[in-house]
file protein_9.cif (mmCIF, N, CA and C atoms)
data_run
loop_
_atom_site.label_atom_id
_atom_site.label_comp_id
_atom_site.auth_asym_id
_atom_site.auth_seq_id
_atom_site.Cartn_x
_atom_site.Cartn_y
_atom_site.Cartn_z
N ARG A 1 77.93 -4.81 -71.94
CA ARG A 1 76.71 -4.86 -72.71
C ARG A 1 75.87 -6.03 -72.24
N SER A 2 74.60 -5.77 -72.06
CA SER A 2 73.72 -6.80 -71.54
C SER A 2 73.45 -7.93 -72.53
N ASP A 3 73.80 -7.75 -73.81
CA ASP A 3 73.63 -8.84 -74.76
C ASP A 3 74.85 -9.77 -74.76
N ILE A 4 75.89 -9.41 -74.00
CA ILE A 4 77.10 -10.23 -73.93
C ILE A 4 77.22 -10.92 -72.57
N VAL A 5 76.93 -10.19 -71.51
CA VAL A 5 76.99 -10.74 -70.15
C VAL A 5 75.65 -10.54 -69.46
N SER A 6 75.43 -11.26 -68.37
CA SER A 6 74.18 -11.14 -67.64
C SER A 6 74.07 -9.76 -66.98
N LYS A 7 72.86 -9.40 -66.65
CA LYS A 7 72.60 -8.12 -65.98
C LYS A 7 73.36 -8.05 -64.66
N GLU A 8 73.43 -9.18 -63.93
CA GLU A 8 74.12 -9.21 -62.64
C GLU A 8 75.62 -8.96 -62.80
N VAL A 9 76.23 -9.56 -63.81
CA VAL A 9 77.66 -9.36 -64.04
C VAL A 9 77.92 -7.92 -64.45
N LEU A 10 77.07 -7.37 -65.31
CA LEU A 10 77.20 -5.99 -65.74
C LEU A 10 77.07 -5.04 -64.55
N THR A 11 76.09 -5.28 -63.69
CA THR A 11 75.89 -4.45 -62.51
C THR A 11 77.08 -4.54 -61.56
N ALA A 12 77.58 -5.75 -61.35
CA ALA A 12 78.74 -5.93 -60.48
C ALA A 12 79.95 -5.18 -61.03
N GLY A 13 80.17 -5.27 -62.33
CA GLY A 13 81.28 -4.55 -62.97
C GLY A 13 81.15 -3.05 -62.80
N ARG A 14 79.95 -2.55 -62.96
CA ARG A 14 79.73 -1.10 -62.79
C ARG A 14 79.96 -0.68 -61.35
N GLU A 15 79.55 -1.50 -60.40
CA GLU A 15 79.78 -1.18 -58.99
C GLU A 15 81.28 -1.16 -58.68
N ILE A 16 82.01 -2.11 -59.23
CA ILE A 16 83.47 -2.15 -59.02
C ILE A 16 84.11 -0.91 -59.61
N LEU A 17 83.71 -0.54 -60.84
CA LEU A 17 84.26 0.67 -61.46
C LEU A 17 83.93 1.91 -60.65
N GLY A 18 82.72 1.97 -60.12
CA GLY A 18 82.32 3.10 -59.28
C GLY A 18 83.15 3.18 -58.01
N SER A 19 83.41 2.04 -57.39
CA SER A 19 84.23 2.01 -56.19
C SER A 19 85.67 2.43 -56.50
N MET A 20 86.19 1.97 -57.63
CA MET A 20 87.54 2.35 -58.02
C MET A 20 87.64 3.85 -58.28
N ALA A 21 86.62 4.43 -58.91
CA ALA A 21 86.60 5.86 -59.18
C ALA A 21 86.50 6.67 -57.89
N ALA A 22 85.64 6.22 -56.97
CA ALA A 22 85.49 6.91 -55.68
C ALA A 22 86.80 6.90 -54.91
N TYR A 23 87.47 5.76 -54.91
CA TYR A 23 88.75 5.65 -54.22
C TYR A 23 89.79 6.57 -54.86
N LYS A 24 89.84 6.57 -56.18
CA LYS A 24 90.83 7.37 -56.91
C LYS A 24 90.68 8.85 -56.59
N LYS A 25 89.43 9.32 -56.43
CA LYS A 25 89.18 10.73 -56.14
C LYS A 25 89.85 11.19 -54.85
N VAL A 26 89.89 10.31 -53.87
CA VAL A 26 90.40 10.70 -52.55
C VAL A 26 91.66 9.93 -52.15
N GLU A 27 92.28 9.26 -53.11
CA GLU A 27 93.44 8.43 -52.79
C GLU A 27 94.54 9.20 -52.07
N ASP A 28 94.84 10.41 -52.53
CA ASP A 28 95.88 11.20 -51.88
C ASP A 28 95.51 11.50 -50.43
N MET A 29 94.26 11.87 -50.20
CA MET A 29 93.80 12.16 -48.83
C MET A 29 93.91 10.92 -47.95
N ILE A 30 93.54 9.77 -48.51
CA ILE A 30 93.62 8.52 -47.76
C ILE A 30 95.08 8.24 -47.39
N ASN A 31 95.97 8.39 -48.36
CA ASN A 31 97.38 8.06 -48.15
C ASN A 31 98.05 8.94 -47.11
N ILE A 32 97.62 10.20 -46.98
CA ILE A 32 98.24 11.08 -45.98
C ILE A 32 97.45 11.10 -44.67
N GLY A 33 96.36 10.32 -44.61
CA GLY A 33 95.58 10.23 -43.39
C GLY A 33 94.59 11.37 -43.19
N ALA A 34 94.29 12.12 -44.26
CA ALA A 34 93.40 13.27 -44.14
C ALA A 34 91.93 12.91 -44.35
N TYR A 35 91.66 11.71 -44.86
CA TYR A 35 90.25 11.31 -45.06
C TYR A 35 89.71 10.79 -43.74
N ALA A 36 88.55 11.32 -43.32
CA ALA A 36 87.91 10.89 -42.08
C ALA A 36 86.90 9.80 -42.39
N HIS A 37 87.15 8.60 -41.87
CA HIS A 37 86.22 7.49 -42.06
C HIS A 37 84.83 7.91 -41.59
N GLY A 38 83.83 7.62 -42.40
CA GLY A 38 82.46 7.98 -42.07
C GLY A 38 81.99 9.24 -42.77
N ALA A 39 82.91 9.93 -43.44
CA ALA A 39 82.55 11.17 -44.13
C ALA A 39 81.70 10.89 -45.39
N ASN A 40 81.91 9.74 -46.01
CA ASN A 40 81.19 9.41 -47.23
C ASN A 40 81.07 7.88 -47.30
N VAL A 41 79.84 7.39 -47.32
CA VAL A 41 79.60 5.95 -47.30
C VAL A 41 80.17 5.25 -48.54
N ASP A 42 80.10 5.90 -49.70
CA ASP A 42 80.63 5.29 -50.93
C ASP A 42 82.15 5.17 -50.87
N ILE A 43 82.80 6.19 -50.34
CA ILE A 43 84.26 6.14 -50.22
C ILE A 43 84.66 5.12 -49.16
N ASP A 44 83.93 5.07 -48.06
CA ASP A 44 84.22 4.06 -47.03
C ASP A 44 84.12 2.65 -47.60
N ARG A 45 83.10 2.41 -48.41
CA ARG A 45 82.93 1.09 -49.03
C ARG A 45 84.08 0.80 -49.99
N ALA A 46 84.45 1.84 -50.78
CA ALA A 46 85.55 1.68 -51.74
C ALA A 46 86.85 1.34 -51.02
N ILE A 47 87.11 2.01 -49.90
CA ILE A 47 88.32 1.75 -49.13
C ILE A 47 88.33 0.29 -48.66
N GLY A 48 87.19 -0.19 -48.21
CA GLY A 48 87.09 -1.57 -47.77
C GLY A 48 87.24 -2.59 -48.89
N LEU A 49 86.79 -2.22 -50.08
CA LEU A 49 86.84 -3.15 -51.21
C LEU A 49 88.17 -3.16 -51.96
N MET A 50 88.92 -2.07 -51.92
CA MET A 50 90.10 -1.95 -52.77
C MET A 50 91.11 -3.09 -52.65
N PRO A 51 91.42 -3.57 -51.45
CA PRO A 51 92.37 -4.70 -51.41
C PRO A 51 91.84 -5.92 -52.16
N ARG A 52 90.54 -6.21 -52.06
CA ARG A 52 89.96 -7.36 -52.75
C ARG A 52 89.83 -7.10 -54.25
N ILE A 53 89.52 -5.86 -54.63
CA ILE A 53 89.46 -5.50 -56.06
C ILE A 53 90.85 -5.68 -56.67
N ASN A 54 91.86 -5.15 -56.01
CA ASN A 54 93.22 -5.28 -56.54
C ASN A 54 93.66 -6.74 -56.63
N ALA A 55 93.29 -7.54 -55.64
CA ALA A 55 93.62 -8.97 -55.68
C ALA A 55 92.92 -9.65 -56.86
N PHE A 56 91.66 -9.28 -57.10
CA PHE A 56 90.91 -9.85 -58.22
C PHE A 56 91.56 -9.49 -59.56
N LEU A 57 92.07 -8.27 -59.67
CA LEU A 57 92.63 -7.79 -60.94
C LEU A 57 94.01 -8.35 -61.23
N ARG A 58 94.67 -8.90 -60.22
CA ARG A 58 96.01 -9.46 -60.43
C ARG A 58 95.90 -10.96 -60.65
N GLN A 59 96.44 -11.39 -61.76
CA GLN A 59 96.45 -12.82 -62.06
C GLN A 59 97.73 -13.12 -62.82
N ALA A 60 98.47 -14.07 -62.31
CA ALA A 60 99.71 -14.47 -62.98
C ALA A 60 99.38 -15.16 -64.30
N VAL A 61 100.25 -15.03 -65.25
CA VAL A 61 100.06 -15.64 -66.56
C VAL A 61 99.85 -17.14 -66.44
N ALA A 62 100.51 -17.76 -65.48
CA ALA A 62 100.42 -19.21 -65.31
C ALA A 62 99.17 -19.64 -64.53
N GLU A 63 98.32 -18.70 -64.15
CA GLU A 63 97.10 -19.02 -63.40
C GLU A 63 95.88 -18.86 -64.30
N PRO A 64 95.49 -19.92 -65.00
CA PRO A 64 94.32 -19.81 -65.87
C PRO A 64 93.04 -19.68 -65.04
N SER A 65 92.06 -19.02 -65.62
CA SER A 65 90.78 -18.86 -64.95
C SER A 65 89.68 -18.91 -66.00
N HIS A 66 88.67 -19.72 -65.74
CA HIS A 66 87.54 -19.79 -66.65
C HIS A 66 86.70 -18.52 -66.54
N LEU A 67 86.09 -18.13 -67.61
CA LEU A 67 85.31 -16.91 -67.65
C LEU A 67 84.19 -16.93 -66.62
N GLU A 68 83.48 -18.04 -66.51
CA GLU A 68 82.39 -18.14 -65.54
C GLU A 68 82.90 -17.99 -64.11
N ASP A 69 84.08 -18.53 -63.82
CA ASP A 69 84.67 -18.37 -62.49
C ASP A 69 84.99 -16.91 -62.22
N SER A 70 85.48 -16.20 -63.24
CA SER A 70 85.77 -14.78 -63.10
C SER A 70 84.50 -13.98 -62.86
N PHE A 71 83.43 -14.32 -63.57
CA PHE A 71 82.14 -13.64 -63.36
C PHE A 71 81.65 -13.86 -61.93
N THR A 72 81.76 -15.08 -61.45
CA THR A 72 81.32 -15.41 -60.09
C THR A 72 82.13 -14.61 -59.07
N ALA A 73 83.44 -14.53 -59.27
CA ALA A 73 84.31 -13.79 -58.36
C ALA A 73 83.97 -12.29 -58.39
N LEU A 74 83.72 -11.77 -59.58
CA LEU A 74 83.35 -10.36 -59.72
C LEU A 74 82.07 -10.06 -58.96
N GLN A 75 81.08 -10.92 -59.13
CA GLN A 75 79.83 -10.75 -58.41
C GLN A 75 80.03 -10.91 -56.91
N GLY A 76 80.95 -11.79 -56.52
CA GLY A 76 81.22 -12.00 -55.11
C GLY A 76 81.81 -10.77 -54.43
N LEU A 77 82.54 -9.95 -55.18
CA LEU A 77 83.10 -8.73 -54.61
C LEU A 77 82.02 -7.76 -54.17
N THR A 78 80.93 -7.71 -54.90
CA THR A 78 79.87 -6.74 -54.63
C THR A 78 78.65 -7.35 -53.98
N GLY A 79 78.48 -8.66 -54.12
CA GLY A 79 77.28 -9.31 -53.60
C GLY A 79 76.15 -9.30 -54.61
N VAL A 80 76.36 -8.72 -55.80
CA VAL A 80 75.33 -8.67 -56.83
C VAL A 80 75.07 -10.08 -57.34
N GLY A 81 73.81 -10.50 -57.31
CA GLY A 81 73.45 -11.83 -57.80
C GLY A 81 73.78 -12.93 -56.81
N GLN A 82 74.21 -12.56 -55.61
CA GLN A 82 74.55 -13.52 -54.56
C GLN A 82 73.38 -13.60 -53.59
N ALA A 83 73.46 -14.51 -52.64
CA ALA A 83 72.41 -14.69 -51.64
C ALA A 83 72.27 -13.46 -50.76
N GLY A 84 73.36 -12.73 -50.52
CA GLY A 84 73.33 -11.55 -49.68
C GLY A 84 74.48 -10.64 -50.04
N PRO A 85 74.46 -9.40 -49.54
CA PRO A 85 75.54 -8.47 -49.87
C PRO A 85 76.86 -8.89 -49.26
N ALA A 86 77.93 -8.46 -49.90
CA ALA A 86 79.27 -8.76 -49.40
C ALA A 86 79.51 -7.96 -48.14
N GLY A 87 79.88 -8.65 -47.08
CA GLY A 87 80.15 -7.99 -45.82
C GLY A 87 81.60 -7.58 -45.75
N PRO A 88 82.05 -7.11 -44.58
CA PRO A 88 83.42 -6.64 -44.43
C PRO A 88 84.46 -7.70 -44.77
N GLY A 89 84.18 -8.96 -44.46
CA GLY A 89 85.13 -10.03 -44.76
C GLY A 89 84.92 -10.62 -46.12
N GLY A 90 83.88 -10.18 -46.82
CA GLY A 90 83.59 -10.72 -48.13
C GLY A 90 82.74 -11.96 -48.04
N PRO A 91 82.24 -12.41 -49.15
CA PRO A 91 81.43 -13.61 -49.18
C PRO A 91 82.24 -14.84 -48.82
N ALA A 92 81.56 -15.83 -48.35
CA ALA A 92 82.23 -17.08 -48.00
C ALA A 92 82.92 -17.65 -49.23
N GLY A 93 84.09 -18.21 -49.01
CA GLY A 93 84.83 -18.84 -50.10
C GLY A 93 85.75 -17.89 -50.83
N MET A 94 85.75 -16.59 -50.48
CA MET A 94 86.64 -15.67 -51.15
C MET A 94 88.04 -15.83 -50.59
N GLY A 95 89.01 -15.66 -51.43
CA GLY A 95 90.40 -15.76 -51.01
C GLY A 95 90.89 -14.45 -50.44
N GLY A 96 92.15 -14.15 -50.69
CA GLY A 96 92.73 -12.93 -50.15
C GLY A 96 93.59 -13.28 -48.95
N PRO A 97 93.97 -12.24 -48.20
CA PRO A 97 94.84 -12.49 -47.06
C PRO A 97 94.24 -13.49 -46.09
N GLY A 98 94.95 -14.56 -45.85
CA GLY A 98 94.50 -15.57 -44.90
C GLY A 98 93.40 -16.46 -45.42
N GLY A 99 92.87 -16.15 -46.60
CA GLY A 99 91.77 -16.95 -47.12
C GLY A 99 92.25 -17.97 -48.11
N GLN A 100 91.31 -18.72 -48.61
CA GLN A 100 91.65 -19.68 -49.64
C GLN A 100 90.88 -19.30 -50.87
N GLY A 101 91.37 -19.67 -52.00
CA GLY A 101 90.66 -19.36 -53.22
C GLY A 101 91.58 -19.46 -54.40
N GLY A 102 91.07 -19.02 -55.51
CA GLY A 102 91.81 -19.08 -56.74
C GLY A 102 92.56 -17.79 -57.00
N PRO A 103 92.88 -17.52 -58.25
CA PRO A 103 93.65 -16.35 -58.61
C PRO A 103 92.99 -15.06 -58.15
N GLY A 104 93.79 -14.16 -57.61
CA GLY A 104 93.29 -12.84 -57.24
C GLY A 104 92.26 -12.88 -56.13
N GLY A 105 92.24 -13.91 -55.31
CA GLY A 105 91.25 -13.98 -54.25
C GLY A 105 89.91 -14.49 -54.72
N ALA A 106 89.86 -14.90 -55.97
CA ALA A 106 88.61 -15.42 -56.53
C ALA A 106 88.34 -16.80 -55.96
N PRO A 107 87.08 -17.22 -55.97
CA PRO A 107 86.80 -18.58 -55.52
C PRO A 107 87.59 -19.58 -56.34
N ALA A 108 88.06 -20.61 -55.72
CA ALA A 108 88.82 -21.63 -56.44
C ALA A 108 87.93 -22.29 -57.48
N PRO A 109 88.44 -22.45 -58.71
CA PRO A 109 87.65 -23.09 -59.76
C PRO A 109 87.22 -24.49 -59.34
N GLN A 110 86.02 -24.86 -59.71
CA GLN A 110 85.47 -26.15 -59.36
C GLN A 110 85.48 -27.11 -60.54
N GLY A 111 86.13 -26.71 -61.62
CA GLY A 111 86.21 -27.59 -62.77
C GLY A 111 85.06 -27.38 -63.74
N GLY A 112 84.08 -26.55 -63.37
CA GLY A 112 82.96 -26.28 -64.26
C GLY A 112 83.26 -25.07 -65.13
N GLY A 113 82.24 -24.45 -65.64
CA GLY A 113 82.42 -23.26 -66.45
C GLY A 113 82.74 -23.61 -67.88
N GLN A 114 82.92 -22.59 -68.65
CA GLN A 114 83.22 -22.73 -70.06
C GLN A 114 84.70 -22.95 -70.28
N PRO A 115 85.07 -23.80 -71.22
CA PRO A 115 86.48 -23.90 -71.59
C PRO A 115 86.93 -22.55 -72.16
N PRO A 116 88.22 -22.21 -72.03
CA PRO A 116 88.71 -20.96 -72.58
C PRO A 116 88.35 -20.83 -74.05
N GLY A 117 87.91 -19.64 -74.43
CA GLY A 117 87.59 -19.38 -75.82
C GLY A 117 86.18 -19.77 -76.23
N MET A 118 85.41 -20.36 -75.34
CA MET A 118 84.05 -20.77 -75.68
C MET A 118 83.09 -19.60 -75.46
N PRO A 119 82.11 -19.43 -76.31
CA PRO A 119 81.15 -18.33 -76.14
C PRO A 119 80.25 -18.57 -74.93
N ILE A 120 79.84 -17.48 -74.34
CA ILE A 120 78.93 -17.53 -73.20
C ILE A 120 77.51 -17.59 -73.72
N ARG A 121 76.69 -18.45 -73.13
CA ARG A 121 75.30 -18.56 -73.57
C ARG A 121 74.42 -17.74 -72.71
#

call {"tool": "encode", "arguments": {"input": "protein_9.cif", "output": "structure tokens"}}
result
Amino acid sequence: RSDIVSKEVLTAGREILGSMAAYKKVEDMINIGAYAHGANVDIDRAIGLMPRINAFLRQAVAEPSHLEDSFTALQGLTGVGQAGPAGPGGPAGMGGPGGQGGPGGAPAPQGGGQPPGMPIR
């Protein structure tokens, strides 16, 4: 809801959900090698994003994350509200395989953001 989060965060979340849905539709084809890369640009993008989406969604209980840091990481997956779109390697500062960052490949917290449980303004 736009009265709870910014338009950019809402848009990024919708894009992530869309990519997850596109991937789910053809997951079996992908797994058996029957999907031809280039057949659908949305599915190609989803395939490229899924490892980073899955990394973002996994967070150990012992790995706290501030809400603002999570919003920034979510936007970083899609490039929404960022200086430019997310490329194949993702935005600078994103974690993941071989990268550095915070939980789930998110940018490492910088100590800012809202304390847990604080309302977003």

call {"tool": "closest_residue", "arguments": {"input": "protein_9.cif", "among": "A:Val9, A:Val26, A:Ala55, A:Val61", "to": "Gln75 in chain A", "atoms": "only C-alpha atoms"}}
result
A:Val9

call {"tool": "atom_distance", "arguments": {"input": "protein_9.cif", "atom1": "CA of Leu49 in chain A", "atom2": "atom C of Arg14 in chain A"}}
result
12.5 Å

call {"tool": "atom_distance", "arguments": {"input": "protein_9.cif", "atom1": "CA of Asn31 in chain A", "atom2": "atom N of Ile47 in chain A"}}
result
12.0 Å

call {"tool": "residues_around", "arguments": {"input": "protein_9.cif", "residues": "Ala12 in chain A", "least_positions_apart": "3", "cutoff": "7 Å", "atoms": "only N, CA and C atoms", "output": "list of chain:residue names"}}
result
A:Lys7, A:Glu8, A:Val9, A:Glu15, A:Ile16, A:Leu17, A:Leu74, A:Gln75, A:Thr78, A:Gly79, A:Val80

call {"tool": "write_last_selection", "arguments": {"input": "protein_9.cif", "atoms": "N, CA and C atoms", "output": "compact mmCIF listing (two decimals), in the coordinates of the input"}}
result
# COMPACT_ATOMS: atom_id res chain seq x y z
N LYS A 7 72.86 -9.40 -66.65
CA LYS A 7 72.60 -8.12 -65.98
C LYS A 7 73.36 -8.05 -64.66
N GLU A 8 73.43 -9.18 -63.93
CA GLU A 8 74.12 -9.21 -62.64
C GLU A 8 75.62 -8.96 -62.80
N VAL A 9 76.23 -9.56 -63.81
CA VAL A 9 77.66 -9.36 -64.04
C VAL A 9 77.92 -7.92 -64.45
N GLU A 15 79.55 -1.50 -60.40
CA GLU A 15 79.78 -1.18 -58.99
C GLU A 15 81.28 -1.16 -58.68
N ILE A 16 82.01 -2.11 -59.23
CA ILE A 16 83.47 -2.15 -59.02
C ILE A 16 84.11 -0.91 -59.61
N LEU A 17 83.71 -0.54 -60.84
CA LEU A 17 84.26 0.67 -61.46
C LEU A 17 83.93 1.91 -60.65
N LEU A 74 83.72 -11.77 -59.58
CA LEU A 74 83.35 -10.36 -59.72
C LEU A 74 82.07 -10.06 -58.96
N GLN A 75 81.08 -10.92 -59.13
CA GLN A 75 79.83 -10.75 -58.41
C GLN A 75 80.03 -10.91 -56.91
N THR A 78 80.93 -7.71 -54.90
CA THR A 78 79.87 -6.74 -54.63
C THR A 78 78.65 -7.35 -53.98
N GLY A 79 78.48 -8.66 -54.12
CA GLY A 79 77.28 -9.31 -53.60
C GLY A 79 76.15 -9.30 -54.61
N VAL A 80 76.36 -8.72 -55.80
CA VAL A 80 75.33 -8.67 -56.83
C VAL A 80 75.07 -10.08 -57.34

call {"tool": "atom_distance", "arguments": {"input": "protein_9.cif", "atom1": "atom N of Gln59 in chain A", "atom2": "atom C of Ala21 in chain A"}}
result
21.0 Å

call {"tool": "axis_aligned_box", "arguments": {"input": "protein_9.cif", "around": "range 13-29 of chain A", "padding_each_side": "8 Å", "output": "lines of an AutoDock Vina configuration file"}}
result
center_x = 87.7
center_y = 3.4
center_z = -55.5
size_x = 32.3
size_y = 33.4
size_z = 31.0

call {"tool": "closest_residue", "arguments": {"input": "protein_9.cif", "among": "A:Tyr23, A:Leu77, A:Gly33, A:His66", "to": "Arg52 in chain A", "atoms": "all atoms listed in the file"}}
result
A:Leu77

call {"tool": "select_by_dssp", "arguments": {"input": "protein_9.cif", "residues": "range 8-69 of chain A", "states": "helix (DSSP H, G or I)", "output": "ChimeraX atom specification"}}
result
/A:8-32,41-57,67-69
